[in-house]
file model17.pdb (PDB, C-alpha atoms and all ligand atoms)
ATOM      1  CA  MET A   1       1.143 -16.336  -1.870  1.00  0.00           C
ATOM      2  CA  LEU A   2       2.137 -13.004  -3.384  1.00  0.00           C
ATOM      3  CA  THR A   3       4.970 -10.844  -2.036  1.00  0.00           C
ATOM      4  CA  VAL A   4       4.403  -7.104  -2.258  1.00  0.00           C
ATOM      5  CA  VAL A   5       7.314  -4.713  -2.536  1.00  0.00           C
ATOM      6  CA  ILE A   6       7.091  -1.367  -0.772  1.00  0.00           C
ATOM      7  CA  TYR A   7       9.275   1.102  -2.625  1.00  0.00           C
ATOM      8  CA  GLY A   8      10.241   4.572  -1.448  1.00  0.00           C
ATOM      9  CA  GLU A   9      10.525   6.941  -4.383  1.00  0.00           C
ATOM     10  CA  ALA A  10      12.333   9.651  -2.407  1.00  0.00           C
ATOM     11  CA  SER A  11      14.994   7.263  -1.088  1.00  0.00           C
ATOM     12  CA  LYS A  12      14.952   5.077  -4.200  1.00  0.00           C
ATOM     13  CA  LYS A  13      15.006   2.072  -1.908  1.00  0.00           C
ATOM     14  CA  VAL A  14      12.921  -0.958  -1.179  1.00  0.00           C
ATOM     15  CA  ILE A  15      11.450  -0.197   2.233  1.00  0.00           C
ATOM     16  CA  LYS A  16      10.029  -3.641   2.874  1.00  0.00           C
ATOM     17  CA  GLU A  17       8.769  -6.807   1.262  1.00  0.00           C
ATOM     18  CA  ILE A  18       5.478  -8.087   2.604  1.00  0.00           C
ATOM     19  CA  SER A  19       4.319 -11.659   2.066  1.00  0.00           C
ATOM     20  CA  LEU A  20       0.563 -11.591   1.829  1.00  0.00           C
ATOM     21  CA  HIS A  21      -1.590 -14.007   3.785  1.00  0.00           C
ATOM     22  CA  GLU A  22      -5.148 -15.017   3.037  1.00  0.00           C
ATOM     23  CA  ASP A  23      -6.544 -12.719   5.740  1.00  0.00           C
ATOM     24  CA  ASP A  24      -4.739  -9.697   4.269  1.00  0.00           C
ATOM     25  CA  LEU A  25      -6.774  -9.820   1.065  1.00  0.00           C
ATOM     26  CA  SER A  26      -9.880  -8.203   2.515  1.00  0.00           C
ATOM     27  CA  LYS A  27      -7.960  -5.335   4.153  1.00  0.00           C
ATOM     28  CA  THR A  28      -7.428  -1.999   2.494  1.00  0.00           C
ATOM     29  CA  ILE A  29      -3.905  -1.315   1.302  1.00  0.00           C
ATOM     30  CA  LEU A  30      -3.723   1.461   3.913  1.00  0.00           C
ATOM     31  CA  GLU A  31      -4.483  -1.072   6.660  1.00  0.00           C
ATOM     32  CA  LEU A  32      -1.858  -3.449   5.310  1.00  0.00           C
ATOM     33  CA  LEU A  33       0.764  -0.702   5.333  1.00  0.00           C
ATOM     34  CA  GLN A  34      -0.192   0.377   8.839  1.00  0.00           C
ATOM     35  CA  ASP A  35      -0.107  -3.239  10.080  1.00  0.00           C
ATOM     36  CA  HIS A  36       3.473  -3.453   8.843  1.00  0.00           C
ATOM     37  CA  LYS A  37       4.469  -0.128  10.428  1.00  0.00           C
ATOM     38  CA  ILE A  38       5.050   1.597   7.092  1.00  0.00           C
ATOM     39  CA  PRO A  39       4.773   5.347   7.822  1.00  0.00           C
ATOM     40  CA  ILE A  40       1.985   6.106   5.380  1.00  0.00           C
ATOM     41  CA  ALA A  41       0.234   9.429   5.907  1.00  0.00           C
ATOM     42  CA  SER A  42      -3.490   9.525   6.588  1.00  0.00           C
ATOM     43  CA  SER A  43      -5.360  12.161   8.464  1.00  0.00           C
ATOM     44  CA  CYS A  44      -8.953  11.315   7.604  1.00  0.00           C
ATOM     45  CA  MET A  45      -8.773   7.706   8.864  1.00  0.00           C
ATOM     46  CA  GLY A  46      -9.669   6.212   5.518  1.00  0.00           C
ATOM     47  CA  GLU A  47     -12.600   8.452   4.663  1.00  0.00           C
ATOM     48  CA  GLY A  48     -11.147   9.291   1.253  1.00  0.00           C
ATOM     49  CA  VAL A  49     -11.000  12.985   2.099  1.00  0.00           C
ATOM     50  CA  CYS A  50      -7.408  13.904   2.949  1.00  0.00           C
ATOM     51  CA  LYS A  51      -5.760  12.298  -0.110  1.00  0.00           C
ATOM     52  CA  LYS A  52      -2.577  11.826   1.922  1.00  0.00           C
ATOM     53  CA  CYS A  53      -2.566   8.065   1.601  1.00  0.00           C
ATOM     54  CA  VAL A  54      -1.831   8.159  -2.130  1.00  0.00           C
ATOM     55  CA  ILE A  55       0.350   5.391  -3.555  1.00  0.00           C
ATOM     56  CA  ASN A  56       1.537   4.737  -7.107  1.00  0.00           C
ATOM     57  CA  ASP A  57       0.921   8.351  -8.165  1.00  0.00           C
ATOM     58  CA  ASN A  58      -2.861   8.422  -7.896  1.00  0.00           C
ATOM     59  CA  ILE A  59      -4.307   5.473  -5.969  1.00  0.00           C
ATOM     60  CA  LEU A  60      -5.959   6.171  -2.610  1.00  0.00           C
ATOM     61  CA  SER A  61      -4.675   3.291  -0.489  1.00  0.00           C
ATOM     62  CA  CYS A  62      -7.616   3.624   1.894  1.00  0.00           C
ATOM     63  CA  PHE A  63     -10.045   2.935  -0.968  1.00  0.00           C
ATOM     64  CA  LYS A  64      -8.227   0.007  -2.534  1.00  0.00           C
ATOM     65  CA  LEU A  65      -8.275  -3.556  -1.269  1.00  0.00           C
ATOM     66  CA  VAL A  66      -5.185  -5.707  -0.948  1.00  0.00           C
ATOM     67  CA  LYS A  67      -6.783  -8.336  -3.180  1.00  0.00           C
ATOM     68  CA  ASP A  68      -6.699  -5.826  -6.037  1.00  0.00           C
ATOM     69  CA  ILE A  69      -2.893  -5.939  -5.943  1.00  0.00           C
ATOM     70  CA  THR A  70      -3.064  -9.509  -7.219  1.00  0.00           C
ATOM     71  CA  LYS A  71      -4.419  -8.105 -10.498  1.00  0.00           C
ATOM     72  CA  TRP A  72      -1.619  -5.585 -10.922  1.00  0.00           C
ATOM     73  CA  GLU A  73       1.072  -6.196 -13.517  1.00  0.00           C
ATOM     74  CA  SER A  74       3.722  -6.032 -10.785  1.00  0.00           C
ATOM     75  CA  PRO A  75       2.988  -6.028  -7.031  1.00  0.00           C
ATOM     76  CA  ILE A  76       4.876  -2.845  -6.164  1.00  0.00           C
ATOM     77  CA  ILE A  77       3.521  -0.139  -3.875  1.00  0.00           C
ATOM     78  CA  ARG A  78       5.341   3.144  -4.508  1.00  0.00           C
ATOM     79  CA  ILE A  79       5.224   5.844  -1.855  1.00  0.00           C
ATOM     80  CA  SER A  80       6.480   9.217  -3.085  1.00  0.00           C
ATOM     81  CA  TYR A  81       7.858  10.675   0.163  1.00  0.00           C
ATOM     82  CA  LEU A  82       9.552   7.605   1.643  1.00  0.00           C
TER      83      LEU A  82
HETATM   84  S1  LIG A 101      -6.621   8.218   4.475  1.00  0.00           S
HETATM   85 FE1  LIG A 101      -7.428  10.122   3.844  1.00  0.00          FE
HETATM   86  S2  LIG A 101      -7.853   9.827   1.744  1.00  0.00           S
HETATM   87 FE2  LIG A 101      -7.055   7.914   2.396  1.00  0.00          FE
END

call {"tool": "encode", "arguments": {"input": "model17.pdb", "output": "structure tokens", "more": "lines below"}}
Ligand code: FES
result
Amino acid sequence: MLTVVIYGEASKKVIKEISLHEDDLSKTILELLQDHKIPIASSCMGEGVCKKCVINDNILSCFKLVKDITKWESPIIRISYL
């Protein structure tokens, strides 16, 4: 299955590569990142209020499902402050 690259824009480094499993697809991207101990900010616990969980410039990771990544042109999650 798909491998997702977690890229830190501040460090200009690949933070981690995550191989997706079938049971990841129904999680939110925020949950996936948290499961893999990526230090993604979130203070509203996925309510879509705090806007701290933003990835790829403008995507709220708590509102986007992992299965949506499979439709992206390239499976890269960019986190601005990492
Ligand atoms: S966790 Fe607060 S908006 Fe996503």

call {"tool": "resolve_selection", "arguments": {"input": "model17.pdb", "expression": "the PyMOL selection byres (((chain A and resi 20-27) around 7) and not hetatm)", "output": "PyMOL selection string"}}
result
chain A and resi 1-3+18-19+28-29+31-32+65-67

call {"tool": "write_last_selection", "arguments": {"input": "model17.pdb", "atoms": "C-alpha atoms", "output": "JSON list (two decimals), in the frame of the given file"}}
result
[["chain", "number", "residue", "atom", "x", "y", "z"],
["A", 1, "MET", "CA", 1.14, -16.34, -1.87],
["A", 2, "LEU", "CA", 2.14, -13.00, -3.38],
["A", 3, "THR", "CA", 4.97, -10.84, -2.04],
["A", 18, "ILE", "CA", 5.48, -8.09, 2.60],
["A", 19, "SER", "CA", 4.32, -11.66, 2.07],
["A", 28, "THR", "CA", -7.43, -2.00, 2.49],
["A", 29, "ILE", "CA", -3.90, -1.32, 1.30],
["A", 31, "GLU", "CA", -4.48, -1.07, 6.66],
["A", 32, "LEU", "CA", -1.86, -3.45, 5.31],
["A", 65, "LEU", "CA", -8.28, -3.56, -1.27],
["A", 66, "VAL", "CA", -5.18, -5.71, -0.95],
["A", 67, "LYS", "CA", -6.78, -8.34, -3.18]]

call {"tool": "closest_residue", "arguments": {"input": "model17.pdb", "among": "A:Lys13, A:Lys51, A:Lys71, A:Lys37", "to": "ligand LIG 101 (chain A)", "atoms": "only C-alpha atoms and all ligand atoms"}}
result
A:Lys51

call {"tool": "atom_distance", "arguments": {"input": "model17.pdb", "atom1": "atom CA of A:Ala10", "atom2": "atom CA of A:Ile79"}}
result
8.1 Å

call {"tool": "closest_residue", "arguments": {"input": "model17.pdb", "among": "A:Val5, A:Ile77, A:Cys50, A:Ile55", "to": "ligand LIG 101 (chain A)", "atoms": "all atoms listed in the file"}}
result
A:Cys50

call {"tool": "residues_around", "arguments": {"input": "model17.pdb", "residues": "A:Gly46", "least_positions_apart": "2", "cutoff": "7 Å", "atoms": "all atoms listed in the file", "output": "PyMOL selection string"}}
result
chain A and resi 44+48+62

call {"tool": "decode", "arguments": {"input": "model17.pdb", "residues": "stretch 11-43 of chain A", "atoms": "N, CA and C atoms", "output": "compact mmCIF listing (two decimals), in the first residue's frame"}}
result
# COMPACT_ATOMS: atom_id res chain seq x y z
N SER A 11 12.69 22.52 8.85
CA SER A 11 13.98 21.81 8.86
C SER A 11 14.41 21.36 7.47
N LYS A 12 13.47 21.46 6.52
CA LYS A 12 13.71 20.98 5.15
C LYS A 12 14.17 19.52 5.15
N LYS A 13 13.55 18.74 6.01
CA LYS A 13 13.91 17.33 6.11
C LYS A 13 12.68 16.44 6.08
N VAL A 14 12.91 15.22 5.62
CA VAL A 14 11.87 14.20 5.76
C VAL A 14 11.87 13.75 7.21
N ILE A 15 10.75 13.92 7.88
CA ILE A 15 10.64 13.57 9.29
C ILE A 15 10.41 12.06 9.45
N LYS A 16 9.59 11.52 8.55
CA LYS A 16 9.25 10.11 8.65
C LYS A 16 8.57 9.64 7.37
N GLU A 17 8.65 8.37 7.11
CA GLU A 17 7.87 7.77 6.04
C GLU A 17 6.94 6.76 6.68
N ILE A 18 5.68 6.87 6.37
CA ILE A 18 4.67 6.00 7.00
C ILE A 18 4.04 5.12 5.93
N SER A 19 4.14 3.82 6.11
CA SER A 19 3.46 2.89 5.21
C SER A 19 2.03 2.70 5.70
N LEU A 20 1.10 3.04 4.85
CA LEU A 20 -0.30 2.96 5.26
C LEU A 20 -0.78 1.51 5.28
N HIS A 21 -1.66 1.23 6.22
CA HIS A 21 -2.33 -0.07 6.28
C HIS A 21 -3.82 0.17 6.06
N GLU A 22 -4.50 -0.89 5.73
CA GLU A 22 -5.93 -0.80 5.44
C GLU A 22 -6.69 -0.05 6.55
N ASP A 23 -6.37 -0.35 7.80
CA ASP A 23 -7.13 0.26 8.90
C ASP A 23 -6.77 1.73 9.14
N ASP A 24 -5.74 2.23 8.47
CA ASP A 24 -5.41 3.65 8.58
C ASP A 24 -6.37 4.51 7.76
N LEU A 25 -6.94 3.93 6.71
CA LEU A 25 -7.67 4.72 5.72
C LEU A 25 -8.85 5.49 6.29
N SER A 26 -9.48 4.93 7.31
CA SER A 26 -10.66 5.59 7.88
C SER A 26 -10.32 6.58 9.00
N LYS A 27 -9.02 6.68 9.33
CA LYS A 27 -8.62 7.66 10.36
C LYS A 27 -8.52 9.04 9.74
N THR A 28 -8.52 10.06 10.59
CA THR A 28 -8.18 11.39 10.07
C THR A 28 -6.66 11.45 9.95
N ILE A 29 -6.20 12.39 9.15
CA ILE A 29 -4.75 12.55 9.01
C ILE A 29 -4.15 12.95 10.36
N LEU A 30 -4.86 13.76 11.13
CA LEU A 30 -4.37 14.12 12.46
C LEU A 30 -4.15 12.87 13.31
N GLU A 31 -5.10 11.95 13.29
CA GLU A 31 -4.96 10.71 14.08
C GLU A 31 -3.77 9.89 13.60
N LEU A 32 -3.58 9.83 12.29
CA LEU A 32 -2.44 9.09 11.75
C LEU A 32 -1.13 9.69 12.27
N LEU A 33 -1.04 11.01 12.20
CA LEU A 33 0.19 11.68 12.65
C LEU A 33 0.41 11.44 14.14
N GLN A 34 -0.64 11.54 14.91
CA GLN A 34 -0.52 11.31 16.36
C GLN A 34 -0.13 9.86 16.65
N ASP A 35 -0.70 8.92 15.91
CA ASP A 35 -0.36 7.50 16.11
C ASP A 35 1.12 7.24 15.87
N HIS A 36 1.71 8.05 14.98
CA HIS A 36 3.12 7.85 14.65
C HIS A 36 4.01 8.85 15.39
N LYS A 37 3.46 9.45 16.44
CA LYS A 37 4.24 10.34 17.32
C LYS A 37 4.84 11.55 16.60
N ILE A 38 4.18 11.99 15.54
CA ILE A 38 4.60 13.22 14.87
C ILE A 38 4.04 14.38 15.71
N PRO A 39 4.86 15.33 16.11
CA PRO A 39 4.39 16.40 17.00
C PRO A 39 3.56 17.46 16.28
N ILE A 40 2.37 17.06 15.90
CA ILE A 40 1.44 17.98 15.22
C ILE A 40 0.63 18.71 16.29
N ALA A 41 0.48 20.02 16.10
CA ALA A 41 -0.25 20.81 17.10
C ALA A 41 -1.76 20.59 16.92
N SER A 42 -2.46 20.59 18.03
CA SER A 42 -3.92 20.55 18.00
C SER A 42 -4.40 20.87 19.40
N SER A 43 -5.16 21.92 19.52
CA SER A 43 -5.64 22.23 20.86
C SER A 43 -7.16 22.12 20.98
